[in-house]
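Visitor: The file below is run04.pdb, PDB, C-alpha atoms:
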MODEL        1
ATOM      1  CA  MET A   1     -11.122   6.252   2.114
ATOM      2  CA  HIS A   2      -7.802   7.620   3.310
ATOM      3  CA  GLU A   3      -8.683  11.153   2.242
ATOM      4  CA  LEU A   4      -8.401  12.556   5.768
ATOM      5  CA  PRO A   5      -4.712  11.793   6.465
ATOM      6  CA  VAL A   6      -3.844  12.715   2.883
ATOM      7  CA  THR A   7      -5.639  16.043   3.254
ATOM      8  CA  GLU A   8      -3.852  16.746   6.547
ATOM      9  CA  SER A   9      -0.580  16.162   4.779
ATOM     10  CA  ILE A  10      -1.522  18.537   1.934
ATOM     11  CA  LEU A  11      -2.522  21.232   4.412
ATOM     12  CA  ASN A  12       0.692  20.917   6.439
ATOM     13  CA  ILE A  13       2.842  21.199   3.341
ATOM     14  CA  ILE A  14       1.092  24.252   1.933
ATOM     15  CA  LEU A  15       1.024  26.040   5.308
ATOM     16  CA  LYS A  16       4.770  25.503   5.512
ATOM     17  CA  HIS A  17       5.199  27.064   2.062
ATOM     18  CA  ALA A  18       2.800  29.902   2.908
ATOM     19  CA  GLU A  19       4.894  30.826   5.922
ATOM     20  CA  LYS A  20       8.150  30.543   4.017
ATOM     21  CA  ASN A  21       6.841  32.829   1.263
ATOM     22  CA  ARG A  22       5.192  35.223   3.722
ATOM     23  CA  VAL A  23       1.748  35.119   2.190
ATOM     24  CA  SER A  24      -1.397  35.560   4.213
ATOM     25  CA  ARG A  25      -3.959  33.786   2.076
ATOM     26  CA  VAL A  26      -3.789  30.717  -0.157
ATOM     27  CA  VAL A  27      -6.153  30.981  -3.112
ATOM     28  CA  SER A  28      -5.617  27.665  -4.857
ATOM     29  CA  VAL A  29      -3.491  24.538  -4.749
ATOM     30  CA  THR A  30      -2.677  22.408  -7.789
ATOM     31  CA  LEU A  31      -2.266  18.711  -7.142
ATOM     32  CA  HIS A  32      -1.033  15.978  -9.450
ATOM     33  CA  ILE A  33      -2.811  12.744  -8.612
ATOM     34  CA  GLY A  34      -2.152   9.559 -10.565
ATOM     35  CA  GLU A  35      -5.046   7.887 -12.345
ATOM     36  CA  LEU A  36      -4.375   4.696 -10.330
ATOM     37  CA  SER A  37      -5.237   6.438  -7.066
ATOM     38  CA  ASP A  38      -8.704   6.037  -5.618
ATOM     39  CA  LEU A  39      -8.663   9.507  -4.116
ATOM     40  CA  GLU A  40     -12.060  11.190  -4.498
ATOM     41  CA  ASN A  41     -11.836  14.847  -5.483
ATOM     42  CA  GLN A  42     -14.958  16.020  -3.706
ATOM     43  CA  TRP A  43     -13.989  14.406  -0.410
ATOM     44  CA  VAL A  44     -10.510  15.875  -0.458
ATOM     45  CA  GLN A  45     -11.971  19.352  -0.921
ATOM     46  CA  HIS A  46     -14.564  18.688   1.762
ATOM     47  CA  TYR A  47     -11.961  17.583   4.325
ATOM     48  CA  PHE A  48      -9.672  20.391   3.272
ATOM     49  CA  ASP A  49     -12.361  23.003   3.922
ATOM     50  CA  TYR A  50     -12.920  21.502   7.348
ATOM     51  CA  LEU A  51      -9.252  21.201   8.339
ATOM     52  CA  SER A  52      -8.141  24.560   6.956
ATOM     53  CA  LYS A  53     -10.638  26.670   8.930
ATOM     54  CA  ASP A  54      -8.842  29.469  10.775
ATOM     55  CA  THR A  55      -5.653  28.972   8.746
ATOM     56  CA  PRO A  56      -4.275  31.056   5.830
ATOM     57  CA  ALA A  57      -5.440  28.229   3.557
ATOM     58  CA  ALA A  58      -9.120  28.582   4.465
ATOM     59  CA  GLY A  59     -11.242  28.822   1.329
ATOM     60  CA  ALA A  60      -8.491  27.675  -1.038
ATOM     61  CA  VAL A  61      -9.627  25.722  -4.072
ATOM     62  CA  LEU A  62      -7.925  22.400  -4.744
ATOM     63  CA  LYS A  63      -7.290  21.888  -8.441
ATOM     64  CA  ILE A  64      -6.727  18.204  -9.015
ATOM     65  CA  GLU A  65      -4.990  17.270 -12.234
ATOM     66  CA  ARG A  66      -5.167  13.556 -12.917
ATOM     67  CA  ILE A  67      -1.979  12.096 -14.331
ATOM     68  CA  PRO A  68      -2.672   9.372 -16.888
ATOM     69  CA  ILE A  69      -1.240   5.895 -16.581
ATOM     70  CA  THR A  70       1.846   5.640 -18.771
ATOM     71  CA  LEU A  71       3.225   2.197 -19.400
ATOM     72  CA  LYS A  72       6.427   1.094 -21.071
ATOM     73  CA  CYS A  73       6.554  -2.258 -22.821
ATOM     74  CA  ARG A  74       9.399  -4.208 -21.291
ATOM     75  CA  ASN A  75       9.990  -6.012 -24.559
ATOM     76  CA  CYS A  76      10.203  -3.188 -27.128
ATOM     77  CA  GLN A  77      10.312  -0.082 -24.837
ATOM     78  CA  HIS A  78       7.274   1.432 -26.586
ATOM     79  CA  THR A  79       5.281   3.734 -24.252
ATOM     80  CA  ILE A  80       1.488   4.101 -24.119
ATOM     81  CA  LYS A  81      -0.946   6.261 -22.164
ATOM     82  CA  ILE A  82      -4.093   4.478 -21.039
ATOM     83  CA  ARG A  83      -7.034   4.746 -18.647
ATOM     84  CA  LYS A  84      -7.473   2.499 -15.617
ATOM     85  CA  GLU A  85     -10.290   0.495 -17.222
ATOM     86  CA  GLU A  86      -8.225  -0.178 -20.353
ATOM     87  CA  MET A  87      -5.639  -2.196 -18.459
ATOM     88  CA  ASP A  88      -7.405  -5.558 -18.657
ATOM     89  CA  GLY A  89      -5.884  -7.854 -21.254
ATOM     90  CA  LEU A  90      -3.618  -5.157 -22.612
ATOM     91  CA  SER A  91      -1.031  -6.050 -25.245
ATOM     92  CA  CYS A  92       1.652  -3.776 -26.599
ATOM     93  CA  PRO A  93       0.255  -2.062 -29.728
ATOM     94  CA  GLU A  94       3.766  -1.990 -31.188
ATOM     95  CA  CYS A  95       5.172  -5.499 -30.717
ATOM     96  CA  GLY A  96       2.115  -7.438 -29.489
ATOM     97  CA  THR A  97       3.688  -8.663 -26.232
ATOM     98  CA  GLU A  98       0.956  -9.399 -23.726
ATOM     99  CA  GLY A  99       0.924  -7.667 -20.329
ATOM    100  CA  ASP A 100       4.608  -6.994 -19.749
ATOM    101  CA  PHE A 101       4.761  -3.327 -18.834
ATOM    102  CA  SER A 102       6.457  -1.176 -16.269
ATOM    103  CA  PHE A 103       4.775   1.939 -14.858
ATOM    104  CA  LEU A 104       6.203   5.301 -15.850
ATOM    105  CA  SER A 105       3.364   7.314 -14.313
ATOM    106  CA  GLY A 106      -0.076   6.955 -12.757
ATOM    107  CA  ARG A 107       0.826   6.620  -9.083
ATOM    108  CA  GLU A 108       1.584  10.316  -8.393
ATOM    109  CA  TYR A 109       0.676  12.022  -5.141
ATOM    110  CA  TYR A 110       2.193  15.408  -5.651
ATOM    111  CA  ILE A 111       1.650  19.085  -4.880
ATOM    112  CA  LYS A 112       2.732  21.096  -7.885
ATOM    113  CA  GLU A 113       2.089  24.697  -6.960
ATOM    114  CA  MET A 114      -0.164  27.129  -5.140
ATOM    115  CA  GLU A 115      -1.530  30.586  -5.712
ATOM    116  CA  ALA A 116      -1.392  32.915  -2.757
ATOM    117  CA  MET A 117      -1.437  36.563  -1.778
TER     118      MET A 117
ATOM    119  CA  MET B   1      -5.536  44.786  -3.772
ATOM    120  CA  ASP B   2      -2.781  42.263  -3.139
ATOM    121  CA  GLU B   3      -1.245  40.552  -6.073
ATOM    122  CA  ILE B   4      -1.640  36.793  -6.458
ATOM    123  CA  LYS B   5       1.707  35.002  -6.434
ATOM    124  CA  LEU B   6       2.369  31.605  -7.925
ATOM    125  CA  ILE B   7       4.457  29.514  -5.538
ATOM    126  CA  GLU B   8       6.099  26.323  -6.712
ATOM    127  CA  VAL B   9       5.639  23.633  -4.081
ATOM    128  CA  LYS B  10       6.910  20.483  -5.850
ATOM    129  CA  GLU B  11       6.501  18.120  -2.904
ATOM    130  CA  ASP B  12       5.116  14.645  -2.617
ATOM    131  CA  ILE B  13       2.012  14.673  -0.457
ATOM    132  CA  LEU B  14       3.118  11.614   1.462
ATOM    133  CA  SER B  15       6.779  12.649   1.686
ATOM    134  CA  ASP B  16       6.723  12.637   5.511
ATOM    135  CA  ASN B  17       5.471   9.067   5.577
ATOM    136  CA  ASP B  18       7.844   7.980   2.821
ATOM    137  CA  GLU B  19      10.760   9.443   4.749
ATOM    138  CA  ALA B  20       9.653   7.761   7.997
ATOM    139  CA  ALA B  21       9.284   4.465   6.112
ATOM    140  CA  ARG B  22      12.769   4.775   4.651
ATOM    141  CA  LYS B  23      14.278   5.340   8.113
ATOM    142  CA  LEU B  24      12.364   2.395   9.493
ATOM    143  CA  ARG B  25      13.655   0.126   6.699
ATOM    144  CA  ASP B  26      17.211   1.234   7.475
ATOM    145  CA  LYS B  27      16.693   0.331  11.124
ATOM    146  CA  LEU B  28      15.217  -3.060  10.204
ATOM    147  CA  ARG B  29      18.286  -3.740   8.037
ATOM    148  CA  ARG B  30      20.593  -2.841  10.923
ATOM    149  CA  ASP B  31      18.561  -5.068  13.258
ATOM    150  CA  ARG B  32      18.539  -7.852  10.619
ATOM    151  CA  CYS B  33      14.814  -8.070  11.103
ATOM    152  CA  PHE B  34      12.924  -9.180   7.975
ATOM    153  CA  ALA B  35       9.532  -7.484   8.246
ATOM    154  CA  VAL B  36       6.698  -8.406   5.904
ATOM    155  CA  ASN B  37       3.644  -6.182   5.478
ATOM    156  CA  LEU B  38       0.620  -8.422   4.944
ATOM    157  CA  MET B  39      -2.294  -6.836   3.106
ATOM    158  CA  SER B  40      -5.700  -8.139   2.002
ATOM    159  CA  SER B  41      -9.446  -7.582   2.203
ATOM    160  CA  PRO B  42     -11.166  -8.363   5.512
ATOM    161  CA  GLY B  43     -11.718 -12.101   5.760
ATOM    162  CA  ALA B  44      -9.201 -13.100   3.083
ATOM    163  CA  GLY B  45      -7.298 -15.141   5.665
ATOM    164  CA  LYS B  46      -4.439 -13.034   7.046
ATOM    165  CA  THR B  47      -4.671 -14.424  10.570
ATOM    166  CA  SER B  48      -5.198 -18.032   9.404
ATOM    167  CA  LEU B  49      -2.192 -17.717   7.117
ATOM    168  CA  LEU B  50      -0.100 -16.360   9.989
ATOM    169  CA  LEU B  51      -1.082 -19.269  12.226
ATOM    170  CA  LYS B  52       0.019 -21.775   9.555
ATOM    171  CA  THR B  53       3.178 -19.776   8.838
ATOM    172  CA  ILE B  54       4.112 -19.641  12.522
ATOM    173  CA  ALA B  55       3.594 -23.399  12.838
ATOM    174  CA  ALA B  56       5.919 -24.015   9.881
ATOM    175  CA  LEU B  57       8.665 -21.532  10.744
ATOM    176  CA  LYS B  58       8.795 -21.021  14.495
ATOM    177  CA  GLU B  59      11.685 -23.438  15.002
ATOM    178  CA  GLU B  60      13.829 -21.641  12.403
ATOM    179  CA  PHE B  61      13.032 -18.004  13.121
ATOM    180  CA  LYS B  62      12.375 -15.798  16.094
ATOM    181  CA  ILE B  63       8.976 -14.549  14.951
ATOM    182  CA  GLY B  64       7.115 -11.450  16.081
ATOM    183  CA  ILE B  65       3.694 -10.231  14.964
ATOM    184  CA  ILE B  66       2.242  -6.736  14.746
ATOM    185  CA  GLU B  67      -1.534  -6.787  14.490
ATOM    186  CA  ALA B  68      -3.595  -3.866  13.323
ATOM    187  CA  ASP B  69      -7.213  -4.049  14.069
ATOM    188  CA  ILE B  70      -9.714  -1.283  14.048
ATOM    189  CA  ASP B  71     -11.020  -1.974  17.506
ATOM    190  CA  SER B  72     -10.648  -5.506  18.732
ATOM    191  CA  MET B  73      -8.043  -7.789  20.231
ATOM    192  CA  VAL B  74      -9.380 -11.004  18.683
ATOM    193  CA  ASP B  75      -6.495 -11.584  16.232
ATOM    194  CA  ALA B  76      -3.712 -10.883  18.738
ATOM    195  CA  GLU B  77      -5.237 -13.351  21.198
ATOM    196  CA  LYS B  78      -5.237 -16.121  18.573
ATOM    197  CA  ILE B  79      -1.601 -15.408  17.723
ATOM    198  CA  ARG B  80      -0.492 -15.367  21.358
ATOM    199  CA  GLU B  81      -1.944 -18.853  21.835
ATOM    200  CA  THR B  82       0.834 -20.120  19.503
ATOM    201  CA  GLY B  83       3.454 -18.825  21.936
ATOM    202  CA  VAL B  84       4.713 -16.194  19.492
ATOM    203  CA  THR B  85       5.006 -12.573  20.648
ATOM    204  CA  ALA B  86       2.312 -10.306  19.243
ATOM    205  CA  VAL B  87       1.584  -6.641  19.748
ATOM    206  CA  GLN B  88      -1.745  -5.142  18.870
ATOM    207  CA  LEU B  89      -2.014  -1.669  17.415
ATOM    208  CA  ARG B  90      -5.441  -0.215  17.912
ATOM    209  CA  THR B  91      -5.891   1.830  14.806
ATOM    210  CA  ALA B  92      -9.049   3.486  16.135
ATOM    211  CA  GLY B  93     -10.910   3.744  12.885
ATOM    212  CA  PHE B  94      -7.873   4.244  10.678
ATOM    213  CA  CYS B  95      -8.170   2.387   7.401
ATOM    214  CA  HIS B  96      -4.462   1.616   7.013
ATOM    215  CA  LEU B  97      -1.138   1.465   8.835
ATOM    216  CA  ASP B  98       1.468   4.119   8.200
ATOM    217  CA  ALA B  99       5.171   4.104   9.006
ATOM    218  CA  ALA B 100       4.717   5.934  12.313
ATOM    219  CA  MET B 101       2.250   3.320  13.570
ATOM    220  CA  VAL B 102       4.485   0.449  12.465
ATOM    221  CA  LYS B 103       7.422   2.115  14.213
ATOM    222  CA  THR B 104       5.407   2.122  17.445
ATOM    223  CA  GLY B 105       4.610  -1.552  16.918
ATOM    224  CA  LEU B 106       8.236  -2.464  16.247
ATOM    225  CA  GLU B 107       9.359  -0.579  19.339
ATOM    226  CA  GLY B 108       6.721  -2.413  21.390
ATOM    227  CA  LEU B 109       8.029  -5.683  20.026
ATOM    228  CA  GLY B 110      11.728  -4.780  20.081
ATOM    229  CA  SER B 111      12.650  -5.418  16.434
ATOM    230  CA  GLU B 112      16.288  -6.127  17.360
ATOM    231  CA  SER B 113      15.245  -9.350  19.112
ATOM    232  CA  PHE B 114      13.339 -10.809  16.135
ATOM    233  CA  ASP B 115      14.520 -12.009  12.757
ATOM    234  CA  LEU B 116      11.080 -12.339  11.142
ATOM    235  CA  VAL B 117       8.183  -9.964  11.764
ATOM    236  CA  PHE B 118       4.776 -10.004  10.120
ATOM    237  CA  ILE B 119       2.767  -6.812  10.091
ATOM    238  CA  GLU B 120      -0.893  -7.587   9.658
ATOM    239  CA  ASN B 121      -2.259  -4.470   8.004
ATOM    240  CA  VAL B 122      -5.890  -3.314   8.231
ATOM    241  CA  GLY B 123      -8.158  -5.418   6.017
ATOM    242  CA  ASN B 124      -8.613  -3.117   3.039
ATOM    243  CA  LEU B 125      -7.365  -3.133  -0.568
ATOM    244  CA  VAL B 126      -7.397   0.636  -1.079
ATOM    245  CA  CYS B 127      -5.663   2.680   1.622
ATOM    246  CA  PRO B 128      -2.803   0.373   2.660
ATOM    247  CA  ALA B 129      -1.582   0.526  -0.950
ATOM    248  CA  GLU B 130      -0.842   4.257  -0.657
ATOM    249  CA  PHE B 131       1.113   4.183   2.604
ATOM    250  CA  ASP B 132       4.587   2.723   2.801
ATOM    251  CA  THR B 133       4.817   0.935   6.166
ATOM    252  CA  GLY B 134       8.596   0.664   6.135
ATOM    253  CA  ALA B 135       8.435  -3.126   5.825
ATOM    254  CA  ILE B 136      11.114  -4.936   3.819
ATOM    255  CA  LYS B 137       8.553  -6.745   1.625
ATOM    256  CA  ASN B 138       4.847  -6.436   0.871
ATOM    257  CA  ALA B 139       2.773  -9.599   0.655
ATOM    258  CA  MET B 140      -0.811  -9.602  -0.524
ATOM    259  CA  ILE B 141      -3.513 -12.220  -0.053
ATOM    260  CA  LEU B 142      -6.429 -12.523  -2.446
ATOM    261  CA  SER B 143      -8.994 -15.178  -1.589
ATOM    262  CA  VAL B 144     -10.898 -17.153  -4.192
ATOM    263  CA  PRO B 145     -14.400 -15.991  -3.085
ATOM    264  CA  GLU B 146     -13.379 -12.364  -3.750
ATOM    265  CA  GLY B 147     -13.144 -13.083  -7.472
ATOM    266  CA  ASP B 148     -10.516 -12.930 -10.207
ATOM    267  CA  ASP B 149     -11.477  -9.342 -11.132
ATOM    268  CA  LYS B 150      -9.879  -7.663  -8.093
ATOM    269  CA  PRO B 151      -6.771  -6.509 -10.019
ATOM    270  CA  LEU B 152      -9.119  -4.468 -12.221
ATOM    271  CA  LYS B 153     -10.761  -2.790  -9.239
ATOM    272  CA  TYR B 154      -7.728  -2.299  -7.000
ATOM    273  CA  PRO B 155      -4.779  -2.116  -9.394
ATOM    274  CA  LEU B 156      -2.550  -0.036  -7.126
ATOM    275  CA  MET B 157      -2.417  -2.732  -4.439
ATOM    276  CA  PHE B 158      -1.304  -5.297  -7.019
ATOM    277  CA  THR B 159       1.489  -2.997  -8.205
ATOM    278  CA  ARG B 160       2.782  -2.581  -4.627
ATOM    279  CA  ALA B 161       2.965  -6.266  -3.707
ATOM    280  CA  ASP B 162       6.176  -8.322  -3.912
ATOM    281  CA  VAL B 163       4.351 -11.634  -3.620
ATOM    282  CA  LEU B 164       0.721 -12.686  -4.085
ATOM    283  CA  LEU B 165      -0.964 -15.519  -2.211
ATOM    284  CA  VAL B 166      -4.205 -16.810  -3.698
ATOM    285  CA  ASN B 167      -5.905 -18.242  -0.621
ATOM    286  CA  LYS B 168      -8.914 -20.547  -0.140
ATOM    287  CA  ILE B 169      -7.899 -22.530  -3.197
ATOM    288  CA  ASP B 170      -9.957 -25.389  -1.697
ATOM    289  CA  MET B 171     -13.051 -23.324  -2.586
ATOM    290  CA  MET B 172     -12.172 -23.088  -6.267
ATOM    291  CA  GLU B 173     -14.746 -25.660  -7.360
ATOM    292  CA  LEU B 174     -17.545 -23.765  -5.672
ATOM    293  CA  SER B 175     -16.839 -20.569  -7.553
ATOM    294  CA  ASP B 176     -16.324 -19.325 -11.106
ATOM    295  CA  PHE B 177     -12.875 -17.987 -10.223
ATOM    296  CA  ASP B 178     -10.613 -18.208 -13.270
ATOM    297  CA  PRO B 179      -6.956 -18.619 -12.200
ATOM    298  CA  ALA B 180      -5.689 -17.994 -15.736
ATOM    299  CA  ALA B 181      -7.587 -14.681 -15.957
ATOM    300  CA  LEU B 182      -6.212 -13.641 -12.577
ATOM    301  CA  LYS B 183      -2.692 -14.540 -13.586
ATOM    302  CA  GLN B 184      -2.906 -12.519 -16.772
ATOM    303  CA  ARG B 185      -4.347  -9.467 -14.943
ATOM    304  CA  VAL B 186      -1.720  -9.651 -12.219
ATOM    305  CA  GLN B 187       1.005 -10.122 -14.788
ATOM    306  CA  SER B 188       0.090  -6.920 -16.616
ATOM    307  CA  LEU B 189       0.194  -4.911 -13.355
ATOM    308  CA  ASN B 190       3.255  -6.518 -11.829
ATOM    309  CA  PRO B 191       5.264  -8.601 -14.304
ATOM    310  CA  GLY B 192       7.127 -11.477 -12.734
ATOM    311  CA  MET B 193       5.532 -11.220  -9.262
ATOM    312  CA  PRO B 194       5.609 -14.665  -7.606
ATOM    313  CA  THR B 195       2.057 -15.956  -7.126
ATOM    314  CA  PHE B 196       1.274 -18.981  -4.958
ATOM    315  CA  GLU B 197      -2.012 -20.839  -4.716
ATOM    316  CA  ILE B 198      -2.579 -21.810  -1.107
ATOM    317  CA  SER B 199      -5.165 -22.932   1.397
ATOM    318  CA  ALA B 200      -4.554 -21.656   4.916
ATOM    319  CA  LYS B 201      -7.240 -24.132   5.983
ATOM    320  CA  THR B 202      -5.873 -27.380   4.518
ATOM    321  CA  GLY B 203      -2.240 -26.273   4.412
ATOM    322  CA  ARG B 204      -1.948 -26.795   0.658
ATOM    323  CA  GLY B 205       0.716 -24.604  -0.940
ATOM    324  CA  ILE B 206       1.896 -23.156   2.379
ATOM    325  CA  ALA B 207       5.345 -24.653   1.711
ATOM    326  CA  LEU B 208       5.645 -22.510  -1.445
ATOM    327  CA  TRP B 209       5.140 -19.417   0.692
ATOM    328  CA  THR B 210       7.429 -20.490   3.539
ATOM    329  CA  ASP B 211      10.132 -21.401   0.984
ATOM    330  CA  TRP B 212       9.767 -17.933  -0.488
ATOM    331  CA  ILE B 213      10.319 -16.466   3.009
ATOM    332  CA  ARG B 214      13.411 -18.654   3.516
ATOM    333  CA  ARG B 215      14.863 -17.525   0.182
ATOM    334  CA  GLU B 216      14.099 -13.849   0.774
ATOM    335  CA  THR B 217      15.523 -13.842   4.301
ATOM    336  CA  LYS B 218      18.744 -15.358   2.942
ATOM    337  CA  VAL B 219      19.003 -12.584   0.345
ATOM    338  CA  PHE B 220      18.215 -10.046   3.084
ATOM    339  CA  ALA B 221      20.829 -11.397   5.475
TER     340      ALA B 221
ENDMDL
END
Please express the file's structure as structure tokens.
Guide:
Amino acid sequence: MHELPVTESILNIILKHAEKNRVSRVVSVTLHIGELSDLENQWVQHYFDYLSKDTPAAGAVLKIERIPITLKCRNCQHTIKIRKEEMDGLSCPECGTEGDFSFLSGREYYIKEMEAM
Amino acid sequence: MDEIKLIEVKEDILSDNDEAARKLRDKLRRDRCFAVNLMSSPGAGKTSLLLKTIAALKEEFKIGIIEADIDSMVDAEKIRETGVTAVQLRTAGFCHLDAAMVKTGLEGLGSESFDLVFIENVGNLVCPAEFDTGAIKNAMILSVPEGDDKPLKYPLMFTRADVLLVNKIDMMELSDFDPAALKQRVQSLNPGMPTFEISAKTGRGIALWTDWIRRETKVFA
């Protein structure tokens, strides 16, 4: 739903890096998006194609790597990787404590790298 | 043919907003203005809660309200009738508030002249969760008719909140809402988050919320 402002932000950041690195065309951009985000891949690409027209980033492919949810049990410090739909009624597989976790990952909104020429 | 170069970017997508939010929080601390970002679905009772909150706290605090509404002035009018200062941000189709918009609202209000400000975010459980508004605390309202399964559908919002208000508790008997299931789901997303059952209509539980504000403003000051 908020794909448009997010996409604008992505475009601004990569154009800044394109200029800094003196490249004339961005081929791809790799994003790290946490599993907890509701960002829709196809819409981000769609908005990106629209916004990047007439810029060095026109035609670039967005590669979205989803970062799994990693939780740490606050009781025994055990860490687990899970999917969003596995969160309901989750207990620590190590010590059995019910629902007392802190988030180590899963909320990322990050641009890792880009390919350009 | 030109060679393809790999360029490391390593930047947070929302770093501009995060930075603006951080600056805004610093300013609020200097102004000693405790700003609360209020988030919920449309119709969960943000405005009704504010009206009850204003009635309970307006003698103790100088209260200001920032209203976000996609394209109407209805909420700000209701707030102004209480005598409290309200500014309306027309978000023109935006699905959330970001730090830049809140900054505009705080400037319109003059944050230095208020000690308690409520920012009524756009009614939406998805987008406001991603954008730091710069507020000191995030409060979330979930209303009973929405169901106890909302933490499963919108987990991010529940991880961002500092306090959860379960509103329309007077409608509990009419629904199959399971408070224990909600509590357990919220607990696994945000261990230890204070959760208050309230009714903005009857006033039940409002004191739990206003006491929370009193405690938090003391810590803040």
Visitor: Output the residue selection produced by the PyMOL selection byres ((chain B and resi 121-131) around 6) on the file above, formatted as a ChimeraX atom specification.
Guide: /A:2 /B:38-42,68,96,98,119-120,132,157
Visitor: Using Å and a single decimal, report how far CA of Leu156 (chain B) sits from CA of Thr30 (chain A).
Guide: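 Computing the Euclidean distance for CA of Thr30 (chain A) and CA of Leu156 (chain B) yields 22.5 Å.
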Visitor: Which residue out of A:Val26, A:Ile67, A:Leu62, A:Val44 has the minimum interatomic distance to Asp2 (chain B) when all atoms listed in the file are used?
Guide: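 Of all the options, A:Val26 lies closest to Asp2 (chain B).
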Visitor: Could you list, as number ranges by chain, every residue matched by the ChimeraX specification (/B :<8) & /A in this structure?
Guide: A: 1-2, 6, 9-10, 13-14, 17, 21, 36-38, 84-85, 87-90, 98-102, 107, 109-117
Visitor: Given the file shown, enumerate the residues that the PyMOL selection byres ((chain A and resi 76) around 9) captures and present them as a list of chain:residue names.
Guide: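 Going through the file, the PyMOL selection byres ((chain A and resi 76) around 9) ends up selecting A:Lys72, A:Cys73, A:Arg74, A:Asn75, A:Gln77, A:His78, A:Thr79, A:Cys92, A:Glu94, A:Cys95, A:Thr97.
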Visitor: So what do you get for CA of Asp211 (chain B) versus CA of Ala55 (chain B), distance-wise?
Guide: 13.7 Å
